[in-house]
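One structure below.
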Amino acid sequence: MDSHREVALGVDLGGTKLQVALVDREGLVLASKRVATDVQGGPWAVRSQIVEAARESMAQGQAEGFPLGIGLGVAGQIESETGRVLFGPNLGWKDVPLGAWIREELGFPVMVTNDVRAAAFGEWKFGAGRGVQDLVCLFVGTGIGGGIVAGGRLLHGASNSAGELGHLVVEVSGPACDCGGRGCLEALAGGRALAREARRAVQAYPAAGARLLGMAGGNLEGITAKILIQAARGGDRLARDILAKAKEALVAGLVSIVHGFNPGRVVLGGGIVEGMDELVEELEERLKARAMKAATRGLELVRAELGGVAGAVGAAAMVLAEEGLPSAVSSKGLEV
C-alpha cells in the first residue's frame, strides 16, 4: 500500500443514481462504483448502498492509499455542521442524519454538501474551471443548480444555501416552481419543467403536438426533455418554440448571474446542455449582447468537462482540500 499517496472517497447521491469514486489529489479516479439509488427502500437502504459501494471502491484501489475521509454530495439542503440532510426532494428525505450514519459505519471523517456544489468544485479544481479565481458553474438538468467561486473561494453562504441559481426569479408572474416560488429559472428551463410544458402544449394543440406524442409512443406522460430536444433538432416547430422560451429564461438568468458575481468564466453542464450542441455558443452570444459590457469583458462560457463523475470527484476534492476534516464546509467558504 502506498501510504504517501493522499486519496479520498467521493459520493454523488441523486434521486436516480449513486456514484462513488476513490480520487487522488490530481483528480485521478482510482476506483469507482455506480448503482441505481434505492429511493423506494428509504434512507436506511441508501445508507447501506453507500457503505457497500465505498468498501468496494476502497478494495479496488487499496494499493493506492488509505482514504483521508469521505465527501458526500447530496441532492438537497444540508446542515453543514452535522452533515444532516434537511430536505432532499429527489430522495423524498427530511431530516436524515446521513453524515453521522456514514461516519459511524466507515470510521472516516465525513463531509456532506450539496451535490451540485460538489460538482462545481470538481470542475473548478480538475475540469473546465481550472485556474480561474472567479467562476460560476451552472448545471441544467432535471433541475438547475450551481456553484460559485469568488476570489478563489467556494461560496457556501450564511446558511449553507449559496448556489441555488436555479431559483433566481426570471419571470415575476411565471409558472410555479417546485421550491414554492414562481418564475424561477428552473421552472422555465429545467428538464422537468420542459417536459411539463411540452405535455401541456400537446394537450392544448393536438395537431401541432402530434409528432411529439408519436415520439413518446402515444403516451403523453412519456414526453421528456430528451424527446423535446430530439424533436426540435428534427425541425418540429412546437418543440422549437418551447425551447426558445427556455433559452430566453437561461439568458435572463445568466445576465443576472454575470451582473451579480462578475465571473471570469461560466461553466455550463447538465443533461440539457449536453443534449444541445449549439447551446453554449448561442447563450454566450446572446448574453454578451444583453449584459453590461464591463461585466462581460474577458468573460468565457465553456462546457463542463467531467461529465457524470464531476460530483463524486468534487466531493472527494473538497475533503482533500481540508485533509478530510468535517469542517471542510463552513459559512466562511472553502479556500484552496
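Every chain in the C-alpha cells takes a letter, A first, then B, and so on in the order presented; its residues are numbered from 1, and the ligands are numbered from 1 following the presented order.
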Within 6 Å of stretch 95-100 of chain A using only C-alpha atoms, minus same-chain residues under 3 positions, as a ChimeraX atom specification: /A:83-86,103
Could the residues in this selection be written to a file with N, CA, C and O atoms, as a short mmCIF file (atom, residue, chain, number, x, y, z; two decimals), in the first residue's frame?
```cif
data_model
loop_
_atom_site.label_atom_id
_atom_site.label_comp_id
_atom_site.auth_asym_id
_atom_site.auth_seq_id
_atom_site.Cartn_x
_atom_site.Cartn_y
_atom_site.Cartn_z
N GLY A 83 -23.83 17.47 8.97
CA GLY A 83 -23.95 16.56 7.84
C GLY A 83 -25.33 15.98 7.70
O GLY A 83 -25.54 14.95 7.05
N ARG A 84 -26.32 16.64 8.30
CA ARG A 84 -27.70 16.18 8.24
C ARG A 84 -28.37 16.69 6.96
O ARG A 84 -28.21 17.85 6.59
N VAL A 85 -29.09 15.80 6.27
CA VAL A 85 -29.86 16.20 5.09
C VAL A 85 -31.21 16.73 5.57
O VAL A 85 -32.07 15.98 6.02
N LEU A 86 -31.36 18.05 5.51
CA LEU A 86 -32.59 18.67 6.00
C LEU A 86 -33.76 18.38 5.07
O LEU A 86 -34.87 18.12 5.53
N ARG A 103 -20.25 8.06 9.02
CA ARG A 103 -19.07 8.17 9.88
C ARG A 103 -19.03 6.99 10.86
O ARG A 103 -17.98 6.38 11.08
#
```
Please provide as a PyMOL selection string all residues within 9 Å of A:Ala316, with the sequence filter that same-chain residues fewer than 5 positions apart are discarded (counting only C-alpha atoms). chain A and resi 7-11+21-25+27+69-72+118+122+311+321+324
May I ask which of the residues A:Leu287, A:Cys184, A:Ile229, A:Val136 is the closest one to A:Ile242, counting only C-alpha atoms? A:Ile229
Could you produce a table of the residues of stretch 32-78 of chain A lying within 12 Å of stretch 161-165 of chain A, with the nearest pair of atoms per residue and their separation in Å rounded to one decimal, using only C-alpha atoms, ordered by chain and increasing residue number, as JSON lines?
```
{"residue": "A:Ala75", "atom": "CA", "partner": "A:Glu164", "partner_atom": "CA", "distance": 11.7}
{"residue": "A:Gly76", "atom": "CA", "partner": "A:Ser161", "partner_atom": "CA", "distance": 9.9}
{"residue": "A:Gln77", "atom": "CA", "partner": "A:Ser161", "partner_atom": "CA", "distance": 7.3}
{"residue": "A:Ile78", "atom": "CA", "partner": "A:Ser161", "partner_atom": "CA", "distance": 8.3}
```
Could I get the residues of stretch 288-313 of chain A with an atom no further than 12 Å from an atom of stretch 32-45 of chain A, each paired with its nearest atom pair and that distance in Å to one decimal, using only C-alpha atoms, sorted by chain and residue number, as CSV?
```
residue,atom,partner,partner_atom,distance
A:Gly308,CA,A:Arg34,CA,10.1
A:Val309,CA,A:Ser32,CA,9.2
A:Ala312,CA,A:Ser32,CA,9.3
A:Val313,CA,A:Ser32,CA,10.2
```
Could you jot down the atom CA of A:Cys177 to atom CA of A:Ala193 separation for me, Å, one decimal place?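 Pair atom CA of A:Cys177 / atom CA of A:Ala193 returns 8.6 Å.
Contact shell of A:Ala150 at 8 Å (only C-alpha atoms; same-chain neighbours under 6 positions omitted): Gln133, Asp134, Leu135, Phe261 and Pro263 of chain A.
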Writer output for current selection, N, CA and C atoms, as a PDB file, in the first residue's frame:
```
ATOM      1  N   GLN A 133     -10.158  32.172 -10.745  1.00  0.00           N
ATOM      2  CA  GLN A 133     -10.433  32.539  -9.360  1.00  0.00           C
ATOM      3  C   GLN A 133     -11.837  33.088  -9.143  1.00  0.00           C
ATOM      4  N   ASP A 134     -12.513  33.473 -10.222  1.00  0.00           N
ATOM      5  CA  ASP A 134     -13.900  33.955 -10.142  1.00  0.00           C
ATOM      6  C   ASP A 134     -14.701  33.194 -11.183  1.00  0.00           C
ATOM      7  N   LEU A 135     -15.531  32.272 -10.708  1.00  0.00           N
ATOM      8  CA  LEU A 135     -16.140  31.265 -11.572  1.00  0.00           C
ATOM      9  C   LEU A 135     -17.563  30.974 -11.112  1.00  0.00           C
ATOM     10  N   PHE A 261     -22.129  38.450  -9.926  1.00  0.00           N
ATOM     11  CA  PHE A 261     -20.884  37.842  -9.467  1.00  0.00           C
ATOM     12  C   PHE A 261     -19.667  38.195 -10.309  1.00  0.00           C
ATOM     13  N   PRO A 263     -18.103  36.844 -12.908  1.00  0.00           N
ATOM     14  CA  PRO A 263     -17.112  35.773 -13.061  1.00  0.00           C
ATOM     15  C   PRO A 263     -16.254  35.973 -14.304  1.00  0.00           C
TER      16      PRO A 263
END
```
Could you pull out the residues in stretch 112-317 of chain A that DSSP calls strand (DSSP E) from the backbone, as a PyMOL selection string? chain A and resi 112-114+135-140+144-150+153-154+265-269+300-303
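Shortest separation to A:Leu299 among A:Arg240, A:Arg265, A:Arg233, A:Arg196 occurs at residue A:Arg265, atoms counted being only C-alpha atoms.
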Among stretch 228-275 of chain A, which ones does DSSP assign to alpha helix (DSSP H) (computed from the backbone)? Answer as a VMD selection string. chain A and resid 228 to 233 237 to 261 271 to 274
Go ahead and write the residues just picked, C-alpha atoms, as a PDB file, in the first residue's frame.
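Final file, again_37.pdb:
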```pdb
ATOM      1  CA  LEU A 228     -38.406  17.506 -26.829  1.00  0.00           C
ATOM      2  CA  ILE A 229     -34.794  18.269 -27.792  1.00  0.00           C
ATOM      3  CA  GLN A 230     -34.761  15.465 -30.360  1.00  0.00           C
ATOM      4  CA  ALA A 231     -37.977  16.787 -31.919  1.00  0.00           C
ATOM      5  CA  ALA A 232     -36.598  20.322 -32.076  1.00  0.00           C
ATOM      6  CA  ARG A 233     -33.432  19.055 -33.739  1.00  0.00           C
ATOM      7  CA  ARG A 237     -41.986  23.805 -34.651  1.00  0.00           C
ATOM      8  CA  LEU A 238     -43.782  23.294 -31.326  1.00  0.00           C
ATOM      9  CA  ALA A 239     -40.653  21.808 -29.752  1.00  0.00           C
ATOM     10  CA  ARG A 240     -38.551  24.679 -31.062  1.00  0.00           C
ATOM     11  CA  ASP A 241     -40.975  27.243 -29.658  1.00  0.00           C
ATOM     12  CA  ILE A 242     -40.840  25.636 -26.199  1.00  0.00           C
ATOM     13  CA  LEU A 243     -37.036  25.534 -26.240  1.00  0.00           C
ATOM     14  CA  ALA A 244     -36.870  29.129 -27.471  1.00  0.00           C
ATOM     15  CA  LYS A 245     -38.709  30.273 -24.346  1.00  0.00           C
ATOM     16  CA  ALA A 246     -36.374  28.198 -22.185  1.00  0.00           C
ATOM     17  CA  LYS A 247     -33.344  29.777 -23.855  1.00  0.00           C
ATOM     18  CA  GLU A 248     -34.753  33.229 -23.131  1.00  0.00           C
ATOM     19  CA  ALA A 249     -35.009  32.288 -19.470  1.00  0.00           C
ATOM     20  CA  LEU A 250     -31.441  30.978 -19.456  1.00  0.00           C
ATOM     21  CA  VAL A 251     -30.160  34.191 -21.000  1.00  0.00           C
ATOM     22  CA  ALA A 252     -32.036  36.235 -18.390  1.00  0.00           C
ATOM     23  CA  GLY A 253     -30.638  34.079 -15.607  1.00  0.00           C
ATOM     24  CA  LEU A 254     -27.101  34.323 -16.957  1.00  0.00           C
ATOM     25  CA  VAL A 255     -27.335  38.102 -17.239  1.00  0.00           C
ATOM     26  CA  SER A 256     -28.294  38.285 -13.552  1.00  0.00           C
ATOM     27  CA  ILE A 257     -25.526  35.864 -12.590  1.00  0.00           C
ATOM     28  CA  VAL A 258     -22.898  37.806 -14.526  1.00  0.00           C
ATOM     29  CA  HIS A 259     -24.056  41.149 -13.149  1.00  0.00           C
ATOM     30  CA  GLY A 260     -24.170  39.775  -9.601  1.00  0.00           C
ATOM     31  CA  PHE A 261     -20.884  37.842  -9.467  1.00  0.00           C
ATOM     32  CA  GLY A 271     -28.169  16.891 -19.459  1.00  0.00           C
ATOM     33  CA  ILE A 272     -29.934  19.763 -21.237  1.00  0.00           C
ATOM     34  CA  VAL A 273     -26.618  21.400 -22.147  1.00  0.00           C
ATOM     35  CA  GLU A 274     -25.109  18.089 -23.224  1.00  0.00           C
TER      36      GLU A 274
END
```
A:Gly181: which residues within 12 Å, counting only C-alpha atoms, same-chain residues fewer than 6 positions away excluded, as a ChimeraX atom specification? /A:166-175,187
Atoms kept (N, CA and C atoms) for selection, written as a CSV table (one decimal), in the first residue's frame:
```csv
chain,number,residue,atom,x,y,z
A,166,GLY,N,-30.8,28.0,-9.7
A,166,GLY,CA,-32.0,27.6,-10.4
A,166,GLY,C,-33.2,28.4,-9.9
A,167,HIS,N,-33.1,29.0,-8.7
A,167,HIS,CA,-34.2,29.7,-8.1
A,167,HIS,C,-34.1,31.2,-8.2
A,168,LEU,N,-33.2,31.7,-9.1
A,168,LEU,CA,-33.3,33.1,-9.5
A,168,LEU,C,-34.6,33.3,-10.2
A,169,VAL,N,-35.3,34.4,-9.9
A,169,VAL,CA,-36.6,34.7,-10.5
A,169,VAL,C,-36.3,35.4,-11.8
A,170,VAL,N,-36.7,34.8,-12.9
A,170,VAL,CA,-36.5,35.5,-14.2
A,170,VAL,C,-37.8,35.9,-14.9
A,171,GLU,N,-38.9,35.5,-14.3
A,171,GLU,CA,-40.3,35.9,-14.8
A,171,GLU,C,-41.2,36.1,-13.6
A,172,VAL,N,-41.4,37.3,-13.2
A,172,VAL,CA,-42.2,37.5,-11.9
A,172,VAL,C,-43.5,36.8,-11.9
A,173,SER,N,-44.2,36.8,-12.9
A,173,SER,CA,-45.5,36.1,-13.0
A,173,SER,C,-45.4,34.8,-13.7
A,174,GLY,N,-44.3,34.1,-13.6
A,174,GLY,CA,-44.1,32.9,-14.3
A,174,GLY,C,-44.7,31.7,-13.6
A,175,PRO,N,-44.4,30.5,-14.2
A,175,PRO,CA,-45.0,29.3,-13.6
A,175,PRO,C,-44.5,29.0,-12.2
A,187,ALA,N,-38.0,26.6,-13.1
A,187,ALA,CA,-39.4,26.4,-13.5
A,187,ALA,C,-39.7,26.7,-15.0
```
For A:Phe121: contacts at 9 Å, only C-alpha atoms, fewer than 6 positions along chain excluded, given as an NGL selection string: :A and (129 or 137 or 147-149 or 154 or 310-311 or 313-315 or 317-318)
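One distance worth recording is that between atom CA of A:Arg303 and atom CA of A:Asn114, which is 20.8 Å.
The closest residue to A:Asp178, picked from A:Gly143, A:Gly107, A:Gly151, A:Gly73 and counting only C-alpha atoms, is A:Gly143.
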Nearest to A:Ala291: which of A:Leu213, A:Asn262, A:Gln60, A:Asn90 is it, counting only C-alpha atoms? A:Asn262
Determine the nearest neighbour of A:Ala119 from the options A:Glu26, A:Glu322, A:Asp236, A:Asp12, counting only C-alpha atoms.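 Of A:Glu26, A:Glu322, A:Asp236, A:Asp12, the one nearest A:Ala119, counting only C-alpha atoms, is A:Asp12.
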Just give me the gap between atom CA of A:Arg290 and atom CA of A:Trp124 in Å, one decimal is fine. 26.2 Å
Go through A:Ala195, A:Ile144, A:Ala54, A:Leu306 and flag the residue nearest A:Leu28, using only C-alpha atoms for the distances. A:Leu306
